[in-house]
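Just below is one structure, and these are the notes that go with it.
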There are 2 protein chains.
Amino acid sequence: MISRERILEAAARVYAKHGFRGATTRLIAIEAGVNEVTLFRTFGSKGALLEAVLGPHHAKAAPPFLTEDPVDPEAELLEFVTLSLERIREMRPMLVHTMGELEERPEAAEFACRGRRVAHESITTYLERLKDRGLAHPDTDVEAAAVMLTGTVMSDGIARSFVPEVYPPLDEAAKRYVQCFLRLIGATKVEVPAVPAVPAVRKSRSRTA
Amino acid sequence: MISRERILEAAARVYAKHGFRGATTRLIAIEAGVNEVTLFRTFGSKGALLEAVLGPHHAKAAPPFLTEDPVDPEAELLEFVTLSLERIREMRPMLVHTMGELEERPEAAEFACRGRRVAHESITTYLERLKDRGLAHPDTDVEAAAVMLTGTVMSDGIARSFVPEVYPPLDEAAKRYVQCFLRLIGATKVEVPAVPAVPAVRKSRSRTA
DNA sequence: ACAGCAAGCAAGTAGGTACTTGCATACACA
DNA sequence: TGTGTATGCAAGTACCTACTTGCTTGCTGT
């Protein structure tokens, strides 16, 4: 049963490259360095194999944790966005194919959509908490704001590889999205321009820290 | 040459549903109510046919016009976002399949990416103008802001059909995204609370008008 | 030393795929 | 009336697809 693992990994690679239809058992077998028959003996059918491939990704699909006890929105959101970007980027090829083939293989919907749902829910409750604690502007449109953040992250993670020139450099992206988002929910600390010199310092700190 | 049109339309439908690999010449011929041979006689090959299908969409792919002479950001952005959402929603099935198959059919990259590039460019220059005219906060991160808007629109247009419950109702979405975006670029007019009664009215107008 | 089991190999089945060929039909225009 | 032109139909080619069968090899634990 050494082959099982190798087949699974190979199948994941091939599926990511070619999608369900394009991931032929022959290709997978070659990629795994294994006889095609072994593949059928181990998993029964191509469908079962690819289910076994997508299954474990359900767990990974869950987005990173967002505390329900927010104290430092900037830091917390930055971590959340950074990790989310990484995970989506990892899953991109599979995600894109699965989305395309969703109509024909609805059983993959769970894999394709769960992460999105969970991310939205956790960021929504997070924003509500921020509002409760006065860390976000009281009439922030939480739902729309949440969609704008997750949408941006999704768009970056998926489309950056196709049109890299429209996105901020990879190492700055998360920070800059978060800065924009903080403004959007009214959480920037720029609003106390008492002394003329001070705000500039505050501002630059809030954009880089 | 009546068939030509029917084949093209049928091919577009079948391709949108099944992608390149799944769009068999047989399916297309049946969908067009035409003999399969006619398809080859008219277009030569399956690849040529699908190129002829994606070609005309290049034009459509160009996002709606955004004035270079901004006067009313809220109205202008609302129109832009509304139209962009509509167009992406129309093109979603084709877009999703094309993105998935980009590695295998790089010739479709133009179709898949052009709209995104153009949208980003026009919204970027638009934002710069806003800043020039003092209609947006002077240290707005134009690039990141642009990505957040186009990313949100892209995400909505594509993923709403898969996970509708995370998005605002279709008829409110554009307006709410724009409101959020106006805050993000510091373009809301809520900042002049001179008389206690007035701001409430202003605020509600700026969120609904 | 032997049983059991994972795996390879060669071959085959039944169906699908893009694409071709040859011939028949029907309408259009001169 | 004839001639081109678009289309349909039946059949065929060469290849790919998922999946099966029967037999062989080699390693493992008892």
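Naming scheme: A, B, ... for chains in displayed order of the structure tokens; residues 1 onward per chain; ligands 1 onward as shown.
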Counting only C-alpha atoms (C1' of nucleotides), which residues from chain B have an atom at most 12 Å from any atom of chain C, and could you show them as a compact mmCIF listing (two decimals) with N, CA and C atoms, in the first residue's frame?
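Okay, this is what ended up in out_11.txt:
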```txt
# COMPACT_ATOMS: atom_id res chain seq x y z
N ARG B 21 -12.90 20.76 -23.37
CA ARG B 21 -12.87 19.30 -23.48
C ARG B 21 -14.26 18.72 -23.54
N GLY B 22 -15.16 19.27 -22.71
CA GLY B 22 -16.51 18.71 -22.63
C GLY B 22 -17.39 19.11 -23.80
N ALA B 23 -17.00 20.15 -24.52
CA ALA B 23 -17.81 20.60 -25.65
C ALA B 23 -17.46 19.76 -26.87
N THR B 24 -18.06 18.58 -26.97
CA THR B 24 -17.76 17.71 -28.11
C THR B 24 -18.47 18.21 -29.35
N THR B 25 -17.86 17.93 -30.49
CA THR B 25 -18.47 18.37 -31.74
C THR B 25 -19.87 17.77 -31.89
N ARG B 26 -20.04 16.57 -31.39
CA ARG B 26 -21.35 15.93 -31.47
C ARG B 26 -22.39 16.75 -30.71
N LEU B 27 -22.07 17.09 -29.45
CA LEU B 27 -22.99 17.88 -28.63
C LEU B 27 -23.34 19.19 -29.32
N GLU B 36 -23.23 16.97 -37.88
CA GLU B 36 -21.88 17.19 -37.36
C GLU B 36 -20.91 17.53 -38.49
N VAL B 37 -21.13 16.94 -39.64
CA VAL B 37 -20.22 17.19 -40.77
C VAL B 37 -20.25 18.67 -41.17
N THR B 38 -21.42 19.25 -41.13
CA THR B 38 -21.57 20.67 -41.49
C THR B 38 -20.64 21.53 -40.65
N LEU B 39 -20.53 21.15 -39.39
CA LEU B 39 -19.67 21.87 -38.46
C LEU B 39 -18.22 21.87 -38.95
N PHE B 40 -17.76 20.72 -39.34
CA PHE B 40 -16.36 20.64 -39.82
C PHE B 40 -16.21 21.34 -41.16
N ARG B 41 -17.24 21.22 -42.02
CA ARG B 41 -17.15 21.88 -43.31
C ARG B 41 -17.12 23.39 -43.15
N PHE B 43 -16.20 25.21 -40.23
CA PHE B 43 -15.13 25.80 -39.40
C PHE B 43 -13.80 25.05 -39.48
N GLY B 44 -13.79 23.88 -40.09
CA GLY B 44 -12.53 23.18 -40.26
C GLY B 44 -12.18 22.26 -39.11
N SER B 45 -12.23 22.80 -37.90
CA SER B 45 -11.88 21.97 -36.75
C SER B 45 -12.58 22.51 -35.51
N LYS B 46 -12.60 21.70 -34.50
CA LYS B 46 -13.22 22.10 -33.25
C LYS B 46 -12.49 23.32 -32.66
N GLY B 47 -11.18 23.30 -32.71
CA GLY B 47 -10.41 24.42 -32.18
C GLY B 47 -10.76 25.72 -32.88
```
Exercise. Please report as a ChimeraX atom specification which residues of chain D come no farther than 10 Å from chain B, using only C-alpha atoms (C1' of nucleotides).
Key: /D:6-9
Got a sec: who's within 12 Å of Glu107 (chain B), counting only C-alpha atoms (C1' of nucleotides), leaving out chain neighbours fewer than 2 positions off, as a JSON list (two decimals) with C-alpha atoms, in the first residue's frame?
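selection_12.json, written as the output of this step:
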```
[["chain", "number", "residue", "atom", "x", "y", "z"],
["B", 47, "GLY", "CA", -10.41, 24.42, -32.18],
["B", 48, "ALA", "CA", -11.14, 26.89, -34.96],
["B", 50, "LEU", "CA", -14.25, 27.66, -30.46],
["B", 51, "GLU", "CA", -11.82, 30.38, -31.41],
["B", 54, "LEU", "CA", -14.45, 33.42, -28.11],
["B", 55, "GLY", "CA", -13.29, 36.03, -30.61],
["B", 98, "THR", "CA", -11.43, 29.38, -19.76],
["B", 99, "MET", "CA", -9.54, 30.15, -16.56],
["B", 101, "GLU", "CA", -8.17, 25.51, -19.11],
["B", 102, "LEU", "CA", -5.72, 28.38, -19.52],
["B", 103, "GLU", "CA", -2.64, 26.23, -19.00],
["B", 104, "GLU", "CA", -3.68, 23.87, -21.74],
["B", 105, "ARG", "CA", -5.08, 26.50, -24.10],
["B", 109, "ALA", "CA", -5.71, 34.07, -22.26],
["B", 110, "GLU", "CA", -6.60, 37.20, -24.20],
["B", 111, "PHE", "CA", -10.29, 36.49, -23.75],
["B", 112, "ALA", "CA", -9.96, 35.63, -20.07],
["B", 113, "CYS", "CA", -7.71, 38.48, -18.97]]
```
Lay chain B over chain A using all C-alpha atoms, matched one to one in order, with a least-squares fit; then write it out as a PDB file with C-alpha atoms, in the first residue's frame.
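Output saved as superposed_2.pdb:
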```pdb
ATOM      1  CA  MET B   1       0.097   0.105   0.137  1.00  0.00           C
ATOM      2  CA  ILE B   2       2.952   2.441  -0.596  1.00  0.00           C
ATOM      3  CA  SER B   3       1.383   3.181  -3.953  1.00  0.00           C
ATOM      4  CA  ARG B   4      -1.775   4.591  -2.465  1.00  0.00           C
ATOM      5  CA  GLU B   5      -0.064   7.754  -1.286  1.00  0.00           C
ATOM      6  CA  ARG B   6       1.893   8.190  -4.478  1.00  0.00           C
ATOM      7  CA  ILE B   7      -1.248   7.807  -6.549  1.00  0.00           C
ATOM      8  CA  LEU B   8      -3.125  10.321  -4.425  1.00  0.00           C
ATOM      9  CA  GLU B   9      -0.376  12.902  -4.731  1.00  0.00           C
ATOM     10  CA  ALA B  10       0.004  12.329  -8.443  1.00  0.00           C
ATOM     11  CA  ALA B  11      -3.743  12.542  -8.943  1.00  0.00           C
ATOM     12  CA  ALA B  12      -3.827  15.844  -7.077  1.00  0.00           C
ATOM     13  CA  ARG B  13      -1.123  17.257  -9.328  1.00  0.00           C
ATOM     14  CA  VAL B  14      -2.714  16.003 -12.542  1.00  0.00           C
ATOM     15  CA  TYR B  15      -6.183  17.125 -11.513  1.00  0.00           C
ATOM     16  CA  ALA B  16      -4.847  20.582 -10.661  1.00  0.00           C
ATOM     17  CA  LYS B  17      -3.309  20.825 -14.106  1.00  0.00           C
ATOM     18  CA  HIS B  18      -6.003  19.296 -16.285  1.00  0.00           C
ATOM     19  CA  GLY B  19      -9.264  19.160 -14.374  1.00  0.00           C
ATOM     20  CA  PHE B  20     -11.485  16.111 -14.017  1.00  0.00           C
ATOM     21  CA  ARG B  21     -11.963  15.336 -17.692  1.00  0.00           C
ATOM     22  CA  GLY B  22      -8.328  16.011 -18.511  1.00  0.00           C
ATOM     23  CA  ALA B  23      -7.002  13.950 -15.624  1.00  0.00           C
ATOM     24  CA  THR B  24      -6.933  10.593 -17.395  1.00  0.00           C
ATOM     25  CA  THR B  25      -6.148   7.489 -15.423  1.00  0.00           C
ATOM     26  CA  ARG B  26      -3.228   6.919 -17.752  1.00  0.00           C
ATOM     27  CA  LEU B  27      -1.691  10.327 -16.972  1.00  0.00           C
ATOM     28  CA  ILE B  28      -2.160   9.847 -13.260  1.00  0.00           C
ATOM     29  CA  ALA B  29      -0.586   6.387 -13.350  1.00  0.00           C
ATOM     30  CA  ILE B  30       2.440   7.669 -15.268  1.00  0.00           C
ATOM     31  CA  GLU B  31       2.804  10.667 -12.948  1.00  0.00           C
ATOM     32  CA  ALA B  32       2.704   8.296  -9.966  1.00  0.00           C
ATOM     33  CA  GLY B  33       5.169   5.907 -11.574  1.00  0.00           C
ATOM     34  CA  VAL B  34       2.668   3.140 -11.101  1.00  0.00           C
ATOM     35  CA  ASN B  35       0.824   0.715 -13.319  1.00  0.00           C
ATOM     36  CA  GLU B  36      -2.582   1.932 -14.389  1.00  0.00           C
ATOM     37  CA  VAL B  37      -4.162  -1.274 -13.135  1.00  0.00           C
ATOM     38  CA  THR B  38      -2.878  -0.612  -9.626  1.00  0.00           C
ATOM     39  CA  LEU B  39      -4.867   2.590  -9.654  1.00  0.00           C
ATOM     40  CA  PHE B  40      -8.120   0.767 -10.332  1.00  0.00           C
ATOM     41  CA  ARG B  41      -7.282  -1.992  -7.874  1.00  0.00           C
ATOM     42  CA  THR B  42      -6.646   0.578  -5.155  1.00  0.00           C
ATOM     43  CA  PHE B  43      -9.472   3.034  -5.710  1.00  0.00           C
ATOM     44  CA  GLY B  44     -11.997   1.190  -7.862  1.00  0.00           C
ATOM     45  CA  SER B  45     -12.697   3.975 -10.297  1.00  0.00           C
ATOM     46  CA  LYS B  46     -11.449   7.318 -11.457  1.00  0.00           C
ATOM     47  CA  GLY B  47     -14.330   9.086  -9.736  1.00  0.00           C
ATOM     48  CA  ALA B  48     -13.588   7.438  -6.399  1.00  0.00           C
ATOM     49  CA  LEU B  49      -9.919   8.324  -6.721  1.00  0.00           C
ATOM     50  CA  LEU B  50     -10.606  11.994  -7.319  1.00  0.00           C
ATOM     51  CA  GLU B  51     -13.067  12.056  -4.470  1.00  0.00           C
ATOM     52  CA  ALA B  52     -10.326  10.681  -2.261  1.00  0.00           C
ATOM     53  CA  VAL B  53      -8.142  13.487  -3.563  1.00  0.00           C
ATOM     54  CA  LEU B  54     -10.585  16.326  -2.844  1.00  0.00           C
ATOM     55  CA  GLY B  55     -11.740  14.934   0.490  1.00  0.00           C
ATOM     56  CA  PRO B  56      -8.687  15.845   2.596  1.00  0.00           C
ATOM     57  CA  HIS B  57      -8.761  19.341   1.140  1.00  0.00           C
ATOM     58  CA  HIS B  58     -12.017  20.048   2.921  1.00  0.00           C
ATOM     59  CA  ALA B  59     -10.073  20.519   6.122  1.00  0.00           C
ATOM     60  CA  LYS B  60      -7.494  22.741   4.483  1.00  0.00           C
ATOM     61  CA  ALA B  61     -10.311  24.670   2.858  1.00  0.00           C
ATOM     62  CA  ALA B  62     -11.322  26.098   6.219  1.00  0.00           C
ATOM     63  CA  PRO B  63      -9.888  29.589   6.358  1.00  0.00           C
ATOM     64  CA  PRO B  64      -7.550  30.706   9.140  1.00  0.00           C
ATOM     65  CA  PHE B  65      -8.900  31.486  12.572  1.00  0.00           C
ATOM     66  CA  LEU B  66     -10.229  34.974  13.283  1.00  0.00           C
ATOM     67  CA  THR B  67     -10.478  35.740  16.974  1.00  0.00           C
ATOM     68  CA  GLU B  68     -13.891  36.476  18.431  1.00  0.00           C
ATOM     69  CA  ASP B  69     -12.233  38.770  20.929  1.00  0.00           C
ATOM     70  CA  PRO B  70     -10.765  41.534  18.741  1.00  0.00           C
ATOM     71  CA  VAL B  71      -8.313  43.975  20.259  1.00  0.00           C
ATOM     72  CA  ASP B  72      -6.004  44.970  17.414  1.00  0.00           C
ATOM     73  CA  PRO B  73      -7.980  44.948  14.142  1.00  0.00           C
ATOM     74  CA  GLU B  74      -4.995  45.847  12.015  1.00  0.00           C
ATOM     75  CA  ALA B  75      -2.825  42.989  13.241  1.00  0.00           C
ATOM     76  CA  GLU B  76      -5.644  40.472  13.374  1.00  0.00           C
ATOM     77  CA  LEU B  77      -6.930  41.283   9.914  1.00  0.00           C
ATOM     78  CA  LEU B  78      -3.433  41.303   8.471  1.00  0.00           C
ATOM     79  CA  GLU B  79      -2.790  37.812   9.721  1.00  0.00           C
ATOM     80  CA  PHE B  80      -6.166  36.628   8.481  1.00  0.00           C
ATOM     81  CA  VAL B  81      -5.721  38.119   5.022  1.00  0.00           C
ATOM     82  CA  THR B  82      -2.142  36.926   4.690  1.00  0.00           C
ATOM     83  CA  LEU B  83      -3.012  33.353   5.557  1.00  0.00           C
ATOM     84  CA  SER B  84      -6.174  33.379   3.453  1.00  0.00           C
ATOM     85  CA  LEU B  85      -4.209  34.583   0.447  1.00  0.00           C
ATOM     86  CA  GLU B  86      -1.664  31.826   0.906  1.00  0.00           C
ATOM     87  CA  ARG B  87      -4.261  29.086   1.182  1.00  0.00           C
ATOM     88  CA  ILE B  88      -6.269  30.239  -1.806  1.00  0.00           C
ATOM     89  CA  ARG B  89      -3.118  30.553  -3.859  1.00  0.00           C
ATOM     90  CA  GLU B  90      -2.229  26.973  -2.989  1.00  0.00           C
ATOM     91  CA  MET B  91      -5.646  25.700  -3.910  1.00  0.00           C
ATOM     92  CA  ARG B  92      -6.122  27.880  -6.966  1.00  0.00           C
ATOM     93  CA  PRO B  93      -5.655  25.316  -9.742  1.00  0.00           C
ATOM     94  CA  MET B  94      -7.971  22.824  -8.113  1.00  0.00           C
ATOM     95  CA  LEU B  95     -10.477  25.515  -7.218  1.00  0.00           C
ATOM     96  CA  VAL B  96     -10.646  26.911 -10.700  1.00  0.00           C
ATOM     97  CA  HIS B  97     -11.166  23.537 -12.318  1.00  0.00           C
ATOM     98  CA  THR B  98     -13.702  22.488  -9.731  1.00  0.00           C
ATOM     99  CA  MET B  99     -15.690  25.684 -10.229  1.00  0.00           C
ATOM    100  CA  GLY B 100     -15.740  25.124 -13.964  1.00  0.00           C
ATOM    101  CA  GLU B 101     -16.894  21.554 -13.607  1.00  0.00           C
ATOM    102  CA  LEU B 102     -19.401  22.165 -10.819  1.00  0.00           C
ATOM    103  CA  GLU B 103     -22.443  21.758 -13.049  1.00  0.00           C
ATOM    104  CA  GLU B 104     -21.287  18.371 -14.207  1.00  0.00           C
ATOM    105  CA  ARG B 105     -19.889  17.199 -10.871  1.00  0.00           C
ATOM    106  CA  PRO B 106     -22.020  18.803  -8.169  1.00  0.00           C
ATOM    107  CA  GLU B 107     -20.513  16.455  -5.591  1.00  0.00           C
ATOM    108  CA  ALA B 108     -17.441  18.725  -5.638  1.00  0.00           C
ATOM    109  CA  ALA B 109     -19.473  21.735  -4.519  1.00  0.00           C
ATOM    110  CA  GLU B 110     -18.604  21.118  -0.885  1.00  0.00           C
ATOM    111  CA  PHE B 111     -14.911  21.388  -1.663  1.00  0.00           C
ATOM    112  CA  ALA B 112     -15.305  24.468  -3.833  1.00  0.00           C
ATOM    113  CA  CYS B 113     -17.649  26.480  -1.621  1.00  0.00           C
ATOM    114  CA  ARG B 114     -17.092  25.599   2.010  1.00  0.00           C
ATOM    115  CA  GLY B 115     -14.050  27.789   2.501  1.00  0.00           C
ATOM    116  CA  ARG B 116     -15.826  30.755   1.052  1.00  0.00           C
ATOM    117  CA  ARG B 117     -18.824  30.311   3.333  1.00  0.00           C
ATOM    118  CA  VAL B 118     -16.792  29.845   6.482  1.00  0.00           C
ATOM    119  CA  ALA B 119     -14.571  32.821   5.714  1.00  0.00           C
ATOM    120  CA  HIS B 120     -17.581  35.033   5.191  1.00  0.00           C
ATOM    121  CA  GLU B 121     -19.199  33.924   8.387  1.00  0.00           C
ATOM    122  CA  SER B 122     -16.149  34.402  10.572  1.00  0.00           C
ATOM    123  CA  ILE B 123     -15.314  37.789   9.143  1.00  0.00           C
ATOM    124  CA  THR B 124     -18.916  38.882   9.548  1.00  0.00           C
ATOM    125  CA  THR B 125     -19.058  38.020  13.221  1.00  0.00           C
ATOM    126  CA  TYR B 126     -15.638  39.596  13.666  1.00  0.00           C
ATOM    127  CA  LEU B 127     -16.894  42.858  12.185  1.00  0.00           C
ATOM    128  CA  GLU B 128     -19.954  42.809  14.392  1.00  0.00           C
ATOM    129  CA  ARG B 129     -17.692  42.526  17.423  1.00  0.00           C
ATOM    130  CA  LEU B 130     -15.603  45.429  16.171  1.00  0.00           C
ATOM    131  CA  LYS B 131     -18.721  47.529  15.943  1.00  0.00           C
ATOM    132  CA  ASP B 132     -19.858  46.467  19.404  1.00  0.00           C
ATOM    133  CA  ARG B 133     -16.564  47.608  20.834  1.00  0.00           C
ATOM    134  CA  GLY B 134     -16.529  50.879  18.941  1.00  0.00           C
ATOM    135  CA  LEU B 135     -13.541  49.757  16.874  1.00  0.00           C
ATOM    136  CA  ALA B 136     -15.466  50.150  13.628  1.00  0.00           C
ATOM    137  CA  HIS B 137     -17.767  52.887  12.420  1.00  0.00           C
ATOM    138  CA  PRO B 138     -21.256  52.153  13.798  1.00  0.00           C
ATOM    139  CA  ASP B 139     -23.074  52.255  10.475  1.00  0.00           C
ATOM    140  CA  THR B 140     -20.628  50.089   8.594  1.00  0.00           C
ATOM    141  CA  ASP B 141     -22.409  47.771   6.141  1.00  0.00           C
ATOM    142  CA  VAL B 142     -20.961  44.621   7.655  1.00  0.00           C
ATOM    143  CA  GLU B 143     -22.191  42.223   5.012  1.00  0.00           C
ATOM    144  CA  ALA B 144     -20.985  44.273   2.063  1.00  0.00           C
ATOM    145  CA  ALA B 145     -17.706  45.011   3.793  1.00  0.00           C
ATOM    146  CA  ALA B 146     -17.133  41.326   4.459  1.00  0.00           C
ATOM    147  CA  VAL B 147     -17.838  40.506   0.824  1.00  0.00           C
ATOM    148  CA  MET B 148     -15.402  43.178  -0.279  1.00  0.00           C
ATOM    149  CA  LEU B 149     -12.627  41.726   1.831  1.00  0.00           C
ATOM    150  CA  THR B 150     -13.171  38.081   0.991  1.00  0.00           C
ATOM    151  CA  GLY B 151     -13.869  38.995  -2.620  1.00  0.00           C
ATOM    152  CA  THR B 152     -10.613  40.886  -2.869  1.00  0.00           C
ATOM    153  CA  VAL B 153      -8.695  38.024  -1.319  1.00  0.00           C
ATOM    154  CA  MET B 154     -10.374  35.494  -3.590  1.00  0.00           C
ATOM    155  CA  SER B 155      -9.750  37.608  -6.646  1.00  0.00           C
ATOM    156  CA  ASP B 156      -6.079  38.073  -5.778  1.00  0.00           C
ATOM    157  CA  GLY B 157      -5.464  34.458  -4.923  1.00  0.00           C
ATOM    158  CA  ILE B 158      -7.061  33.236  -8.108  1.00  0.00           C
ATOM    159  CA  ALA B 159      -6.446  35.854 -10.771  1.00  0.00           C
ATOM    160  CA  ARG B 160      -2.982  37.113  -9.828  1.00  0.00           C
ATOM    161  CA  SER B 161      -1.390  34.283 -11.753  1.00  0.00           C
ATOM    162  CA  PHE B 162      -3.307  35.246 -14.888  1.00  0.00           C
ATOM    163  CA  VAL B 163      -2.987  39.052 -14.716  1.00  0.00           C
ATOM    164  CA  PRO B 164      -0.194  39.746 -12.234  1.00  0.00           C
ATOM    165  CA  GLU B 165       0.283  43.318 -13.399  1.00  0.00           C
ATOM    166  CA  VAL B 166      -2.966  44.557 -11.885  1.00  0.00           C
ATOM    167  CA  TYR B 167      -2.186  43.369  -8.368  1.00  0.00           C
ATOM    168  CA  PRO B 168       0.116  44.941  -5.780  1.00  0.00           C
ATOM    169  CA  PRO B 169       3.393  43.061  -5.261  1.00  0.00           C
ATOM    170  CA  LEU B 170       2.808  39.821  -3.427  1.00  0.00           C
ATOM    171  CA  ASP B 171       4.633  40.880  -0.272  1.00  0.00           C
ATOM    172  CA  GLU B 172       2.659  44.130   0.060  1.00  0.00           C
ATOM    173  CA  ALA B 173      -0.764  42.990  -1.033  1.00  0.00           C
ATOM    174  CA  ALA B 174      -2.185  41.800   2.288  1.00  0.00           C
ATOM    175  CA  LYS B 175      -1.009  44.872   4.154  1.00  0.00           C
ATOM    176  CA  ARG B 176      -2.416  47.260   1.586  1.00  0.00           C
ATOM    177  CA  TYR B 177      -5.760  45.481   1.389  1.00  0.00           C
ATOM    178  CA  VAL B 178      -6.035  45.633   5.156  1.00  0.00           C
ATOM    179  CA  GLN B 179      -5.216  49.333   5.216  1.00  0.00           C
ATOM    180  CA  CYS B 180      -7.910  50.003   2.655  1.00  0.00           C
ATOM    181  CA  PHE B 181     -10.320  47.834   4.567  1.00  0.00           C
ATOM    182  CA  LEU B 182      -9.646  49.622   7.833  1.00  0.00           C
ATOM    183  CA  ARG B 183     -10.635  52.871   6.165  1.00  0.00           C
ATOM    184  CA  LEU B 184     -13.690  51.265   4.733  1.00  0.00           C
ATOM    185  CA  ILE B 185     -14.913  50.237   8.180  1.00  0.00           C
ATOM    186  CA  GLY B 186     -13.726  53.504   9.717  1.00  0.00           C
ATOM    187  CA  ALA B 187     -11.088  51.881  11.886  1.00  0.00           C
ATOM    188  CA  THR B 188      -8.080  54.010  11.029  1.00  0.00           C
ATOM    189  CA  LYS B 189      -6.674  56.015  13.886  1.00  0.00           C
ATOM    190  CA  VAL B 190      -5.896  59.109  11.796  1.00  0.00           C
ATOM    191  CA  GLU B 191      -8.809  61.029  13.157  1.00  0.00           C
ATOM    192  CA  VAL B 192      -7.147  62.875  16.098  1.00  0.00           C
ATOM    193  CA  PRO B 193      -4.985  65.629  14.589  1.00  0.00           C
ATOM    194  CA  ALA B 194      -4.433  67.512  17.846  1.00  0.00           C
ATOM    195  CA  VAL B 195      -0.803  68.552  17.393  1.00  0.00           C
ATOM    196  CA  PRO B 196       0.257  69.338  13.793  1.00  0.00           C
ATOM    197  CA  ALA B 197       3.463  67.238  13.912  1.00  0.00           C
ATOM    198  CA  VAL B 198       2.020  64.075  15.438  1.00  0.00           C
ATOM    199  CA  PRO B 199      -0.579  62.967  12.823  1.00  0.00           C
ATOM    200  CA  ALA B 200       2.064  62.519  10.124  1.00  0.00           C
ATOM    201  CA  VAL B 201       3.918  60.021  12.284  1.00  0.00           C
ATOM    202  CA  ARG B 202       0.731  58.271  13.299  1.00  0.00           C
ATOM    203  CA  LYS B 203      -0.395  58.045   9.722  1.00  0.00           C
ATOM    204  CA  SER B 204       2.832  56.506   8.476  1.00  0.00           C
ATOM    205  CA  ARG B 205       2.823  54.067  11.364  1.00  0.00           C
ATOM    206  CA  SER B 206      -0.703  53.002  10.697  1.00  0.00           C
ATOM    207  CA  ARG B 207       0.175  52.294   7.046  1.00  0.00           C
ATOM    208  CA  THR B 208       3.337  50.318   7.667  1.00  0.00           C
ATOM    209  CA  ALA B 209       3.035  48.630  11.037  1.00  0.00           C
TER     210      ALA B 209
END
```
Exercise. Apply DSSP to the structure's backbone, then extract all residues of region 16-184 of chain A labelled alpha helix (DSSP H) and return them as a VMD selection string.
Key: chain A and resid 16 to 22 25 to 32 36 to 43 46 to 54 57 to 61 73 to 100 109 to 132 142 to 159 170 to 184
